[in-house]
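Shown below: structure-v3.csv, with CSV, C-alpha atoms and all ligand atoms.
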```csv
chain,number,residue,atom,x,y,z
A,1,MET,CA,113.8,105.2,113.0
A,2,THR,CA,110.2,105.1,114.0
A,3,GLU,CA,108.3,102.0,115.0
A,4,ARG,CA,105.0,103.7,114.1
A,5,PHE,CA,103.4,104.9,110.9
A,6,SER,CA,102.7,108.7,110.9
A,7,PHE,CA,102.1,111.5,108.4
A,8,GLU,CA,103.5,115.0,109.0
A,9,LEU,CA,102.1,117.8,106.8
A,10,LYS,CA,104.9,120.3,106.3
A,11,ALA,CA,103.4,123.0,104.1
A,12,THR,CA,100.5,123.7,101.8
A,13,ASP,CA,100.1,126.0,98.8
A,14,GLY,CA,96.5,126.3,97.7
A,15,LYS,CA,95.2,122.8,97.8
A,16,ALA,CA,98.7,121.3,97.2
A,17,ARG,CA,100.5,119.7,100.2
A,18,THR,CA,104.0,118.6,101.0
A,19,GLY,CA,105.0,116.4,104.0
A,20,VAL,CA,106.6,113.2,105.2
A,21,ILE,CA,105.2,109.8,105.9
A,22,ASN,CA,107.3,108.1,108.6
A,23,THR,CA,107.4,104.3,108.5
A,24,PRO,CA,109.7,101.7,110.3
A,25,ARG,CA,111.4,101.2,106.9
A,26,GLY,CA,112.1,104.8,106.2
A,27,GLU,CA,110.4,108.1,105.3
A,28,ILE,CA,108.4,108.9,102.2
A,29,ARG,CA,108.6,112.5,101.0
A,30,THR,CA,105.3,113.7,99.7
A,31,PRO,CA,104.0,114.4,97.1
A,32,ALA,CA,105.5,111.0,96.2
A,33,PHE,CA,105.6,108.9,93.0
A,34,MET,CA,105.8,105.1,93.4
A,35,PRO,CA,107.5,103.1,90.7
A,36,VAL,CA,105.6,99.9,90.0
A,37,GLY,CA,107.4,96.6,90.8
A,38,THR,CA,104.7,94.2,89.6
A,39,ALA,CA,106.4,90.8,89.8
A,40,ALA,CA,108.9,91.7,92.6
A,41,THR,CA,111.0,93.9,90.2
A,42,VAL,CA,110.7,97.3,88.7
A,43,LYS,CA,111.3,96.0,85.2
A,44,ALA,CA,114.8,96.7,83.7
A,45,MET,CA,116.0,98.3,87.0
A,46,MET,CA,118.2,97.1,89.8
A,47,PRO,CA,116.7,98.1,93.2
A,48,GLU,CA,119.7,100.4,93.9
A,49,SER,CA,119.0,102.1,90.6
A,50,VAL,CA,115.4,102.7,91.6
A,51,ARG,CA,116.6,104.3,94.8
A,52,ALA,CA,119.1,106.4,92.8
A,53,THR,CA,116.3,107.9,90.8
A,54,GLY,CA,114.9,109.3,94.1
A,55,ALA,CA,112.2,106.8,94.9
A,56,ASP,CA,111.3,106.4,98.6
A,57,ILE,CA,108.7,103.7,98.1
A,58,LEU,CA,107.7,101.2,95.4
A,59,LEU,CA,104.5,99.3,94.6
A,60,GLY,CA,104.0,95.5,94.5
A,61,ASN,CA,101.0,93.8,92.9
A,62,THR,CA,99.1,91.2,95.0
A,63,TYR,CA,97.5,89.6,91.9
A,64,HIS,CA,100.8,88.8,90.2
A,65,LEU,CA,102.7,87.7,93.3
A,66,MET,CA,99.8,85.4,94.6
A,67,LEU,CA,99.9,83.6,91.3
A,68,ARG,CA,103.7,83.4,90.9
A,69,PRO,CA,105.7,82.7,93.0
A,70,THR,CA,102.8,82.8,95.6
A,71,ALA,CA,102.7,84.8,98.8
A,72,GLU,CA,103.4,81.7,100.9
A,73,ARG,CA,106.7,81.1,99.1
A,74,ILE,CA,107.8,84.7,99.5
A,75,ASP,CA,106.9,84.6,103.2
A,76,ARG,CA,109.0,81.4,103.6
A,77,LEU,CA,111.9,83.2,102.0
A,78,GLY,CA,111.7,86.2,104.4
A,79,GLY,CA,109.1,88.5,102.8
A,80,LEU,CA,109.0,90.7,99.7
A,81,HIS,CA,111.6,93.2,100.9
A,82,LYS,CA,114.3,90.5,101.4
A,83,PHE,CA,113.2,88.6,98.3
A,84,MET,CA,113.6,91.6,95.9
A,85,ASN,CA,116.4,93.3,97.9
A,86,TRP,CA,114.5,96.5,98.5
A,87,ASP,CA,114.6,97.5,102.2
A,88,ARG,CA,112.6,100.7,102.0
A,89,PRO,CA,108.7,101.0,102.2
A,90,ILE,CA,106.6,98.9,99.9
A,91,LEU,CA,102.9,99.5,99.2
A,92,THR,CA,101.0,96.6,97.8
A,93,ASP,CA,97.7,96.9,96.0
A,94,SER,CA,94.9,94.5,96.9
A,95,GLY,CA,94.5,92.5,93.7
A,96,GLY,CA,90.9,93.4,92.7
A,97,PHE,CA,91.8,95.8,90.0
A,98,GLN,CA,94.2,93.4,88.3
A,99,VAL,CA,91.7,90.5,88.5
A,100,MET,CA,89.2,92.6,86.6
A,101,SER,CA,91.8,93.7,84.0
A,102,LEU,CA,93.9,90.6,83.6
A,103,ALA,CA,92.2,87.4,84.8
A,104,GLY,CA,89.9,85.1,82.9
A,105,LEU,CA,86.5,83.6,83.8
A,106,ARG,CA,85.8,86.0,86.7
A,107,LYS,CA,82.8,85.5,89.1
A,108,LEU,CA,82.0,88.4,91.5
A,109,THR,CA,79.9,87.8,94.6
A,110,GLU,CA,79.4,89.5,98.0
A,111,LYS,CA,82.1,87.2,99.3
A,112,GLY,CA,84.7,88.2,96.7
A,113,VAL,CA,85.9,87.2,93.3
A,114,THR,CA,86.9,83.8,91.8
A,115,PHE,CA,89.0,83.8,88.7
A,116,LYS,CA,91.3,81.8,86.5
A,117,SER,CA,95.0,82.7,86.4
A,118,HIS,CA,96.1,84.5,83.1
A,119,ILE,CA,99.4,82.5,83.5
A,120,ASP,CA,98.2,78.9,83.7
A,121,GLY,CA,94.4,78.9,84.0
A,122,SER,CA,94.4,77.7,87.6
A,123,LYS,CA,91.5,78.7,89.7
A,124,HIS,CA,91.8,81.3,92.5
A,125,GLU,CA,89.7,83.3,94.9
A,126,LEU,CA,90.3,86.8,96.3
A,127,THR,CA,88.3,88.1,99.2
A,128,PRO,CA,89.0,91.0,101.6
A,129,GLU,CA,90.2,88.4,104.1
A,130,ARG,CA,92.5,86.6,101.6
A,131,SER,CA,93.9,89.8,100.2
A,132,MET,CA,94.8,91.0,103.8
A,133,GLU,CA,96.5,87.6,104.4
A,134,ILE,CA,98.5,87.8,101.2
A,135,GLN,CA,99.6,91.3,101.8
A,136,LYS,CA,100.6,90.3,105.4
A,137,LEU,CA,102.6,87.3,104.0
A,138,LEU,CA,104.4,89.7,101.6
A,139,GLY,CA,105.3,91.9,104.5
A,140,SER,CA,104.2,95.2,102.8
A,141,ASP,CA,104.3,98.4,104.8
A,142,ILE,CA,101.2,99.9,103.3
A,143,VAL,CA,98.3,97.5,102.6
A,144,MET,CA,95.3,98.4,100.4
A,145,CYS,CA,91.7,97.5,101.1
A,146,PHE,CA,90.2,94.9,98.8
A,147,ASP,CA,87.8,96.8,96.5
A,148,GLU,CA,86.0,96.7,93.2
A,149,CYS,CA,86.8,99.3,90.6
A,150,PRO,CA,84.0,99.6,88.1
A,151,ALA,CA,84.8,100.1,84.4
A,152,LEU,CA,83.7,103.6,83.1
A,153,PRO,CA,81.4,104.7,81.6
A,154,ALA,CA,78.8,103.1,83.9
A,155,ASP,CA,75.3,104.2,84.9
A,156,ARG,CA,74.7,105.7,88.3
A,157,ASP,CA,73.0,102.5,89.7
A,158,ARG,CA,76.0,100.4,88.8
A,159,ILE,CA,78.4,102.9,90.3
A,160,ALA,CA,76.4,103.1,93.5
A,161,GLU,CA,76.1,99.4,93.9
A,162,SER,CA,79.8,98.8,93.2
A,163,MET,CA,80.8,101.6,95.6
A,164,ARG,CA,78.6,100.2,98.4
A,165,LEU,CA,80.0,96.7,97.9
A,166,SER,CA,83.6,98.2,98.2
A,167,MET,CA,82.6,99.9,101.4
A,168,ARG,CA,81.4,96.6,102.9
A,169,TRP,CA,84.6,95.1,101.7
A,170,ALA,CA,86.6,97.9,103.3
A,171,ALA,CA,85.0,97.1,106.7
A,172,ARG,CA,85.9,93.4,106.2
A,173,SER,CA,89.4,94.4,105.2
A,174,LYS,CA,89.9,96.5,108.3
A,175,GLU,CA,88.5,93.6,110.5
A,176,ALA,CA,90.9,91.1,108.9
A,177,PHE,CA,93.9,93.5,108.9
A,178,GLY,CA,93.8,93.7,112.7
A,179,ASP,CA,96.1,95.9,114.8
A,180,ARG,CA,99.6,95.9,113.2
A,181,PRO,CA,101.8,98.8,114.6
A,182,GLY,CA,104.2,100.1,112.0
A,183,HIS,CA,102.0,98.8,109.2
A,184,ALA,CA,99.3,100.9,107.5
A,185,LEU,CA,95.9,100.1,106.0
A,186,PHE,CA,94.6,102.5,103.3
A,187,GLY,CA,90.9,102.7,102.4
A,188,ILE,CA,89.9,103.3,98.8
A,189,GLN,CA,87.2,105.9,97.9
A,190,GLN,CA,85.0,104.9,95.0
A,191,GLY,CA,81.9,106.5,93.4
A,192,GLY,CA,82.9,107.0,89.8
A,193,LEU,CA,82.6,110.6,88.6
A,194,GLU,CA,79.5,111.1,90.8
A,195,ALA,CA,80.1,113.8,93.5
A,196,ASP,CA,77.4,112.5,95.8
A,197,PHE,CA,78.7,108.9,95.7
A,198,ARG,CA,82.2,110.2,96.2
A,199,GLU,CA,81.1,112.0,99.4
A,200,GLU,CA,79.1,109.0,100.6
A,201,SER,CA,82.2,106.7,100.1
A,202,ALA,CA,84.5,109.1,101.9
A,203,GLU,CA,82.1,109.3,104.9
A,204,ALA,CA,81.8,105.5,105.0
A,205,LEU,CA,85.6,105.1,105.0
A,206,LYS,CA,86.1,107.8,107.7
A,207,GLU,CA,83.5,105.9,109.8
A,208,ILE,CA,85.6,102.8,109.6
A,209,GLY,CA,88.9,104.7,110.1
A,210,PHE,CA,92.1,104.2,108.0
A,211,ASP,CA,95.8,105.3,108.1
A,212,GLY,CA,95.5,106.8,104.6
A,213,TYR,CA,92.9,107.2,101.9
A,214,ALA,CA,93.2,106.4,98.2
A,215,VAL,CA,91.1,107.9,95.4
A,216,GLY,CA,90.2,104.8,93.4
A,217,GLY,CA,88.0,104.3,90.4
A,218,LEU,CA,89.9,106.8,88.2
A,219,ALA,CA,92.5,106.5,85.4
A,220,VAL,CA,90.2,103.9,83.8
A,221,GLY,CA,89.7,105.7,80.5
A,222,GLU,CA,87.6,108.7,81.6
A,223,GLY,CA,90.2,111.2,80.3
A,224,GLN,CA,92.1,114.0,82.0
A,225,GLU,CA,89.3,116.5,82.0
A,226,ALA,CA,86.8,114.2,83.7
A,227,MET,CA,89.5,113.0,86.1
A,228,PHE,CA,90.4,116.5,87.1
A,229,GLY,CA,86.7,117.4,87.4
A,230,CYS,CA,86.3,114.5,89.9
A,231,LEU,CA,89.6,115.5,91.8
A,232,ASP,CA,88.2,119.1,92.1
A,233,HIS,CA,85.9,117.7,94.9
A,234,ALA,CA,86.7,114.0,95.7
A,235,PRO,CA,89.8,114.6,97.9
A,236,ASP,CA,88.0,117.4,99.9
A,237,HIS,CA,86.0,114.9,101.8
A,238,LEU,CA,89.0,112.9,102.9
A,239,PRO,CA,90.8,113.7,106.2
A,240,LYS,CA,93.4,116.5,105.8
A,241,ASP,CA,95.8,114.8,108.3
A,242,LYS,CA,96.1,111.5,106.4
A,243,PRO,CA,97.9,110.8,103.1
A,244,ARG,CA,95.8,110.8,99.9
A,245,TYR,CA,96.8,108.3,97.2
A,246,LEU,CA,95.5,108.6,93.6
A,247,MET,CA,95.8,105.1,92.1
A,248,GLY,CA,97.2,104.5,88.6
A,249,VAL,CA,98.2,108.1,87.7
A,250,GLY,CA,99.8,109.0,85.4
A,251,LYS,CA,101.4,111.2,82.7
A,252,PRO,CA,103.5,114.1,84.0
A,253,ASP,CA,100.7,116.7,83.5
A,254,ASP,CA,98.2,114.3,85.2
A,255,ILE,CA,100.6,114.1,88.2
A,256,VAL,CA,101.0,117.9,88.4
A,257,GLY,CA,97.3,118.5,88.2
A,258,ALA,CA,96.5,115.8,90.8
A,259,VAL,CA,99.0,117.4,93.3
A,260,ALA,CA,97.5,120.8,92.6
A,261,ARG,CA,94.1,119.2,93.7
A,262,GLY,CA,95.4,117.8,97.0
A,263,ILE,CA,96.9,114.4,96.2
A,264,ASP,CA,100.0,113.2,98.1
A,265,MET,CA,100.9,109.8,96.5
A,266,MET,CA,100.6,108.3,93.0
A,267,ASP,CA,101.8,105.2,91.1
A,268,CYS,CA,101.9,104.4,87.4
A,269,VAL,CA,103.5,101.9,85.1
A,270,LEU,CA,103.9,104.6,82.4
A,271,PRO,CA,107.5,105.7,83.0
A,272,SER,CA,108.8,102.1,83.2
A,273,ARG,CA,106.5,100.6,80.5
A,274,SER,CA,107.4,103.6,78.2
A,275,GLY,CA,111.1,103.0,78.8
A,276,ARG,CA,110.7,99.7,77.1
A,277,THR,CA,108.7,101.0,74.2
A,278,GLY,CA,111.0,103.9,73.4
A,279,GLN,CA,108.8,106.7,74.7
A,280,VAL,CA,110.9,109.2,76.6
A,281,PHE,CA,109.5,111.9,78.9
A,282,THR,CA,111.5,115.1,79.1
A,283,ARG,CA,110.8,118.6,80.4
A,284,ARG,CA,110.1,119.8,76.9
A,285,GLY,CA,107.7,116.9,76.0
A,286,VAL,CA,107.8,113.3,74.7
A,287,VAL,CA,110.7,112.0,72.5
A,288,ASN,CA,110.0,108.8,70.5
A,289,ILE,CA,113.6,107.5,70.3
A,290,LYS,CA,112.6,105.0,67.5
A,291,ASN,CA,112.1,107.9,65.1
A,292,ALA,CA,114.7,107.9,62.3
A,293,ARG,CA,115.5,111.6,62.8
A,294,HIS,CA,117.5,110.6,65.9
A,295,ALA,CA,119.9,108.3,64.0
A,296,ASP,CA,122.7,110.9,63.7
A,297,ASP,CA,121.8,113.2,66.6
A,298,PRO,CA,124.8,113.5,69.0
A,299,ARG,CA,122.8,115.4,71.6
A,300,PRO,CA,121.6,113.8,74.9
A,301,LEU,CA,117.9,113.2,75.3
A,302,ASP,CA,117.7,116.2,77.7
A,303,GLU,CA,120.7,118.5,78.2
A,304,ALA,CA,119.4,119.5,81.6
A,305,CYS,CA,119.0,115.9,82.9
A,306,SER,CA,121.7,114.3,85.1
A,307,CYS,CA,120.6,110.6,84.7
A,308,PRO,CA,123.1,108.0,83.3
A,309,ALA,CA,121.3,108.0,79.9
A,310,CYS,CA,121.6,111.8,79.4
A,311,SER,CA,125.0,112.0,81.0
A,312,ASN,CA,126.8,109.4,78.9
A,313,TYR,CA,124.8,108.6,75.7
A,314,SER,CA,123.7,110.4,72.6
A,315,ARG,CA,120.2,110.1,71.0
A,316,ALA,CA,122.0,108.4,68.1
A,317,TYR,CA,123.2,105.6,70.4
A,318,LEU,CA,119.8,105.3,72.2
A,319,HIS,CA,118.1,105.2,68.8
A,320,HIS,CA,120.6,102.4,67.7
A,321,VAL,CA,120.2,100.2,70.7
A,322,TYR,CA,116.4,100.6,70.6
A,323,ARG,CA,116.3,99.7,67.0
A,324,SER,CA,118.6,96.7,67.7
A,325,ASN,CA,116.4,95.6,70.5
A,326,GLU,CA,119.3,95.6,72.9
A,327,MET,CA,118.6,95.2,76.6
A,328,ILE,CA,120.5,98.4,77.5
A,329,SER,CA,117.8,100.3,75.7
A,330,GLY,CA,115.1,99.4,78.2
A,331,MET,CA,117.5,99.9,81.1
A,332,LEU,CA,118.6,103.4,80.1
A,333,LEU,CA,115.2,104.7,79.0
A,334,THR,CA,113.5,103.3,82.1
A,335,TRP,CA,116.1,104.9,84.3
A,336,HIS,CA,115.7,108.2,82.6
A,337,ASN,CA,111.9,108.2,82.8
A,338,LEU,CA,111.9,107.3,86.5
A,339,HIS,CA,114.6,109.9,87.2
A,340,TYR,CA,112.5,112.6,85.4
A,341,PHE,CA,109.3,111.6,87.2
A,342,GLN,CA,111.1,111.9,90.5
A,343,GLU,CA,112.6,115.2,89.4
A,344,ILE,CA,109.0,116.5,88.9
A,345,MET,CA,108.1,115.3,92.4
A,346,GLN,CA,111.1,117.0,94.0
A,347,GLY,CA,110.3,120.2,92.1
A,348,MET,CA,106.8,120.2,93.4
A,349,ARG,CA,107.9,119.4,97.0
A,350,ASP,CA,110.3,122.3,96.9
A,351,ALA,CA,107.8,124.7,95.3
A,352,ILE,CA,104.9,123.9,97.7
A,353,GLY,CA,107.4,124.3,100.6
A,354,ALA,CA,108.4,127.7,99.2
A,355,GLY,CA,104.9,128.8,98.4
A,356,THR,CA,105.8,129.1,94.7
A,357,PHE,CA,103.7,126.2,93.3
A,358,GLU,CA,101.7,128.5,90.9
A,359,ASP,CA,104.9,129.7,89.3
A,360,TRP,CA,106.4,126.2,89.2
A,361,GLN,CA,103.3,124.9,87.4
A,362,ALA,CA,103.4,127.8,84.9
A,363,GLU,CA,107.1,127.0,84.1
A,364,PHE,CA,106.3,123.3,83.9
A,365,HIS,CA,103.7,123.9,81.2
A,366,ALA,CA,105.6,126.6,79.4
A,367,GLN,CA,108.5,124.3,78.8
A,368,ARG,CA,106.5,121.6,77.1
A,369,ALA,CA,106.7,121.8,73.3
A,370,GLN,CA,104.0,120.0,71.3
A,371,GLY,CA,104.8,116.5,70.0
A,372,ASP,CA,108.2,115.1,69.3
A,373,ILE,CA,111.2,117.3,70.1
A,401,LIG,C1,96.0,102.6,85.7
A,401,LIG,N1,94.8,103.1,86.3
A,401,LIG,C2,94.3,102.6,87.5
A,401,LIG,N2,95.0,101.7,88.2
A,401,LIG,C3,94.2,101.5,89.3
A,401,LIG,C4,94.3,100.6,90.4
A,401,LIG,C5,93.3,100.5,91.3
A,401,LIG,N3,93.4,99.6,92.4
A,401,LIG,C6,92.4,99.5,93.3
A,401,LIG,N4,91.2,100.3,93.2
A,401,LIG,C7,91.1,101.2,92.2
A,401,LIG,O1,90.0,101.8,92.1
A,401,LIG,C8,92.1,101.3,91.2
A,401,LIG,C9,92.0,102.2,90.1
A,401,LIG,C10,93.0,102.3,89.2
A,401,LIG,N5,93.2,103.0,88.0
```
Show how you would write the structure in this file as structure tokens.
Ligand SMILES: CNc1nc2cc3nc[nH]c(=O)c3cc2[nH]1
Amino acid sequence: MTERFSFELKATDGKARTGVINTPRGEIRTPAFMPVGTAATVKAMMPESVRATGADILLGNTYHLMLRPTAERIDRLGGLHKFMNWDRPILTDSGGFQVMSLAGLRKLTEKGVTFKSHIDGSKHELTPERSMEIQKLLGSDIVMCFDECPALPADRDRIAESMRLSMRWAARSKEAFGDRPGHALFGIQQGGLEADFREESAEALKEIGFDGYAVGGLAVGEGQEAMFGCLDHAPDHLPKDKPRYLMGVGKPDDIVGAVARGIDMMDCVLPSRSGRTGQVFTRRGVVNIKNARHADDPRPLDEACSCPACSNYSRAYLHHVYRSNEMISGMLLTWHNLHYFQEIMQGMRDAIGAGTFEDWQAEFHAQRAQGDI
């Protein structure tokens, strides 16, 4: 077990990379997908089940936990790992993105943001310094800089102004983070879809120096074509020897396309949220389990899947418990979706290691039928 945080690049295939991030709480195999554990739980999953799907690391949300139960209470109770019974690595985001998408009555200044809680309307402030303090109280292994993620579409002036504010906040985040062996601080590249601003942001972050670099400002409604267009150049300016984390992505084909463009880590609520709304991801495409055509279908969701849902239950059963609004529906479908997302990651890690990523991608796309299956 290492006391330090380090990234080992094991192999590359084109722009795709595979490696291992070593942390005091265990290793993270890359490319890695992080299930989202918003309020100290990956919804509908026990932590041991999250691990059983193949996850090495999960994500916690600063915004939600600072409001309820508060970072101070989690610290008094031994930190987030102990609190939620997950002893492997946790990455926490810095809160800015959730403030802009969830909170009420927001006021943005050079200092930070003030806002009203979406839970009880109480007033709060987030600054780079406060975000670092909260993430330290939570005990997270990978801390994210406090940044501002502009809504797209936005004009170039707005994108530049926002990116430059985030770069000043990145420097303040680094200053406030201090020197914490075994813990990592990741900078977040901004710049919208503008190649010149993306390069300027990367240069600013490298000047400050971070343990890893996120590509932020994407998966905000720009669509896959625009996102991939940005990913065709944005990661190129980031250090090759540090992990690259694309925030908030995504659907299976988004994930594959991002890895093909040099991304090492991703997170998304899609597999868990979809597990609760009956949307099931399979190697042949999406199954909407609420569709009446499944009512008498004795087959599993996916014959080739080894998860508990596919091993022990029929589509007819899963259709029934979804329609009956039974809790086991969210449990089984979430488990399946997370299992499938981790299977995609393992497939890519193996293919990149073997130099067969092109063929793997071709097979991945060939298997996907259109629409419901
Ligand atoms: C679901 N899409 C999405 N989730 C995000 C989280 C983020 N956090 C910090 N900074 C970001 O730019 C950022 C962008 C994001 N896009």
Fewer than 3 positions away in the same chain doesn't count, so skip those; otherwise give me all residues within 9 Å of Leu332 in chain A, counting only C-alpha atoms, as an mmCIF file with C-alpha atoms, keeping the file's coordinate frame.
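New file part06.cif:
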```cif
data_model
loop_
_atom_site.group_PDB
_atom_site.id
_atom_site.type_symbol
_atom_site.label_atom_id
_atom_site.label_comp_id
_atom_site.auth_asym_id
_atom_site.auth_seq_id
_atom_site.Cartn_x
_atom_site.Cartn_y
_atom_site.Cartn_z
ATOM 1 C CA ALA A 44 114.800 96.700 83.700
ATOM 2 C CA MET A 45 116.000 98.300 87.000
ATOM 3 C CA GLY A 275 111.100 103.000 78.800
ATOM 4 C CA CYS A 307 120.600 110.600 84.700
ATOM 5 C CA PRO A 308 123.100 108.000 83.300
ATOM 6 C CA ALA A 309 121.300 108.000 79.900
ATOM 7 C CA CYS A 310 121.600 111.800 79.400
ATOM 8 C CA LEU A 318 119.800 105.300 72.200
ATOM 9 C CA MET A 327 118.600 95.200 76.600
ATOM 10 C CA ILE A 328 120.500 98.400 77.500
ATOM 11 C CA SER A 329 117.800 100.300 75.700
ATOM 12 C CA TRP A 335 116.100 104.900 84.300
ATOM 13 C CA HIS A 336 115.700 108.200 82.600
ATOM 14 C CA ASN A 337 111.900 108.200 82.800
#
```
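Remark: for ligand LIG 401 (chain A), the closest of the candidate residues A:Arg299, A:Lys251, A:His365, A:Lys290 is A:Lys251 (distances computed over all atoms listed in the file).
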### Message
What does the structure give for the distance between CA of Ala351 in chain A and CA of Lys10 in chain A, in Å to one decimal?
### Response
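Between CA of Ala351 in chain A and CA of Lys10 in chain A the gap works out to 12.2 Å.
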What do you get as a compact mmCIF listing (two decimals) with C-alpha atoms, keeping the file's coordinate frame if you pick all residues at most 9 Å from ligand LIG 401 (chain A), counting all atoms listed in the file?
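The result, stored in result.txt:
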```
# COMPACT_ATOMS: atom_id res chain seq x y z
CA ASP A 93 97.70 96.90 96.00
CA SER A 94 94.90 94.50 96.90
CA GLY A 95 94.50 92.50 93.70
CA GLY A 96 90.90 93.40 92.70
CA PHE A 97 91.80 95.80 90.00
CA GLN A 98 94.20 93.40 88.30
CA MET A 144 95.30 98.40 100.40
CA CYS A 145 91.70 97.50 101.10
CA PHE A 146 90.20 94.90 98.80
CA ASP A 147 87.80 96.80 96.50
CA GLU A 148 86.00 96.70 93.20
CA CYS A 149 86.80 99.30 90.60
CA PRO A 150 84.00 99.60 88.10
CA ILE A 188 89.90 103.30 98.80
CA GLN A 189 87.20 105.90 97.90
CA GLN A 190 85.00 104.90 95.00
CA ALA A 214 93.20 106.40 98.20
CA VAL A 215 91.10 107.90 95.40
CA GLY A 216 90.20 104.80 93.40
CA GLY A 217 88.00 104.30 90.40
CA LEU A 218 89.90 106.80 88.20
CA ALA A 219 92.50 106.50 85.40
CA VAL A 220 90.20 103.90 83.80
CA GLY A 221 89.70 105.70 80.50
CA LEU A 246 95.50 108.60 93.60
CA MET A 247 95.80 105.10 92.10
CA GLY A 248 97.20 104.50 88.60
CA VAL A 249 98.20 108.10 87.70
CA GLY A 250 99.80 109.00 85.40
CA ASP A 267 101.80 105.20 91.10
CA CYS A 268 101.90 104.40 87.40
CA VAL A 269 103.50 101.90 85.10
CA LEU A 270 103.90 104.60 82.40
```
Report, in Å to a single decimal, how far apart CA of Ser314 in chain A and CA of Asp297 in chain A are.
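Computing it gives 6.9 Å between the two atoms.
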* To do: Pick out the closest residue to Glu3 in chain A from this set: A:Met84, A:Ala32, A:Ala184, A:Val259. Count all atoms listed in the file.
  =>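 Among A:Met84, A:Ala32, A:Ala184, A:Val259, it is A:Ala184 that comes nearest to Glu3 in chain A.
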Pairwise distance, CA of Gly209 in chain A with CA of Arg244 in chain A, equals 13.7 Å
- Item | Spatial neighbours of range 157-164 of chain A, max dist 9 Å, only C-alpha atoms, sep filter under 2 positions, as an MDAnalysis selection string | chainID A and resid 147:150 152 154:155 166:169 189:194 197:198 201
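Contact shell of Thr23 in chain A at 7 Å (all atoms listed in the file; same-chain neighbours under 5 positions omitted): Thr2, Glu3, Arg4, Phe5, Ser6 and Gly182 of chain A.
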Handout entry: Radius query 12 Å about (99.5, 78.4, 86.3), atoms used: all atoms listed in the file, as a PyMOL selection string
Key = chain A and resi 64+66-70+103+116-124
Exercise for review: Considering only C-alpha atoms, state which residue in the set A:Glu133, A:Pro271, A:Asp75, A:Ile208 is at the smallest distance from Val42 in chain A.
Suggested key: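 With only C-alpha atoms as the atom set, the closest residue is A:Pro271.
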Exercise for review: Counting all atoms listed in the file, figure out which residue out of A:Leu301, A:Val99, A:Val280, A:Met345 gets nearest to Met265 in chain A.
Suggested key: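 Result for the nearest residue to Met265 in chain A: A:Met345.
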*Which one is closest to Ala171 in chain A: A:Arg88, A:Ala151, A:Val143, A:Pro128? Count all atoms listed in the file.*
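Of A:Arg88, A:Ala151, A:Val143, A:Pro128, the one nearest Ala171 in chain A is A:Pro128, counting all atoms listed in the file.
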Judged by all atoms listed in the file, the minimum distance to Phe210 in chain A among A:Arg130, A:Lys242, A:Arg73, A:His233 is found for A:Lys242
Show me the residues around (104.5, 96.5, 86.9) - criterion: an atom at most 10 Å away, all atoms listed in the file counted - as a PyMOL selection string. chain A and resi 35-43+59-61+64+268-270+272-273
request  = Mind checking which residues fall within 9 Å of Pro252 in chain A, counting all atoms listed in the file, ignoring those fewer than 3 positions away in the same chain, and posting them as a VMD selection string?
outcome  = chain A and resid 249 255 to 257 281 341 344
Hey, can you spit out that residue selection with C-alpha atoms as a short mmCIF file (atom, residue, chain, number, x, y, z; two decimals), in the frame of the given file?
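Produced file result_2.cif, reproduced below:
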```cif
data_model
loop_
_atom_site.label_atom_id
_atom_site.label_comp_id
_atom_site.auth_asym_id
_atom_site.auth_seq_id
_atom_site.Cartn_x
_atom_site.Cartn_y
_atom_site.Cartn_z
CA VAL A 249 98.20 108.10 87.70
CA ILE A 255 100.60 114.10 88.20
CA VAL A 256 101.00 117.90 88.40
CA GLY A 257 97.30 118.50 88.20
CA PHE A 281 109.50 111.90 78.90
CA PHE A 341 109.30 111.60 87.20
CA ILE A 344 109.00 116.50 88.90
#
```
Once N, CA and C atoms are restored for range 3-10 of chain A, what would the output be as a PDB file, in the coordinates of the input?
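What ended up in rebuild_35.pdb:
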```
ATOM      1  N   GLU A   3     108.949 103.304 115.027  1.00  0.00           N
ATOM      2  CA  GLU A   3     108.300 102.000 115.000  1.00  0.00           C
ATOM      3  C   GLU A   3     106.821 102.184 114.519  1.00  0.00           C
ATOM      4  N   ARG A   4     106.376 103.448 114.387  1.00  0.00           N
ATOM      5  CA  ARG A   4     105.000 103.700 114.100  1.00  0.00           C
ATOM      6  C   ARG A   4     104.876 104.246 112.630  1.00  0.00           C
ATOM      7  N   PHE A   5     103.681 104.311 112.150  1.00  0.00           N
ATOM      8  CA  PHE A   5     103.400 104.900 110.900  1.00  0.00           C
ATOM      9  C   PHE A   5     102.723 106.266 111.166  1.00  0.00           C
ATOM     10  N   SER A   6     103.306 107.359 110.600  1.00  0.00           N
ATOM     11  CA  SER A   6     102.700 108.700 110.900  1.00  0.00           C
ATOM     12  C   SER A   6     102.900 109.578 109.672  1.00  0.00           C
ATOM     13  N   PHE A   7     102.008 110.565 109.523  1.00  0.00           N
ATOM     14  CA  PHE A   7     102.100 111.500 108.400  1.00  0.00           C
ATOM     15  C   PHE A   7     102.221 112.921 108.990  1.00  0.00           C
ATOM     16  N   GLU A   8     103.287 113.629 108.554  1.00  0.00           N
ATOM     17  CA  GLU A   8     103.500 115.000 109.000  1.00  0.00           C
ATOM     18  C   GLU A   8     103.264 115.935 107.789  1.00  0.00           C
ATOM     19  N   LEU A   9     102.281 116.821 107.892  1.00  0.00           N
ATOM     20  CA  LEU A   9     102.100 117.800 106.800  1.00  0.00           C
ATOM     21  C   LEU A   9     103.026 118.964 107.090  1.00  0.00           C
ATOM     22  N   LYS A  10     103.919 119.281 106.123  1.00  0.00           N
ATOM     23  CA  LYS A  10     104.900 120.300 106.300  1.00  0.00           C
ATOM     24  C   LYS A  10     104.477 121.677 105.823  1.00  0.00           C
TER      25      LYS A  10
END
```
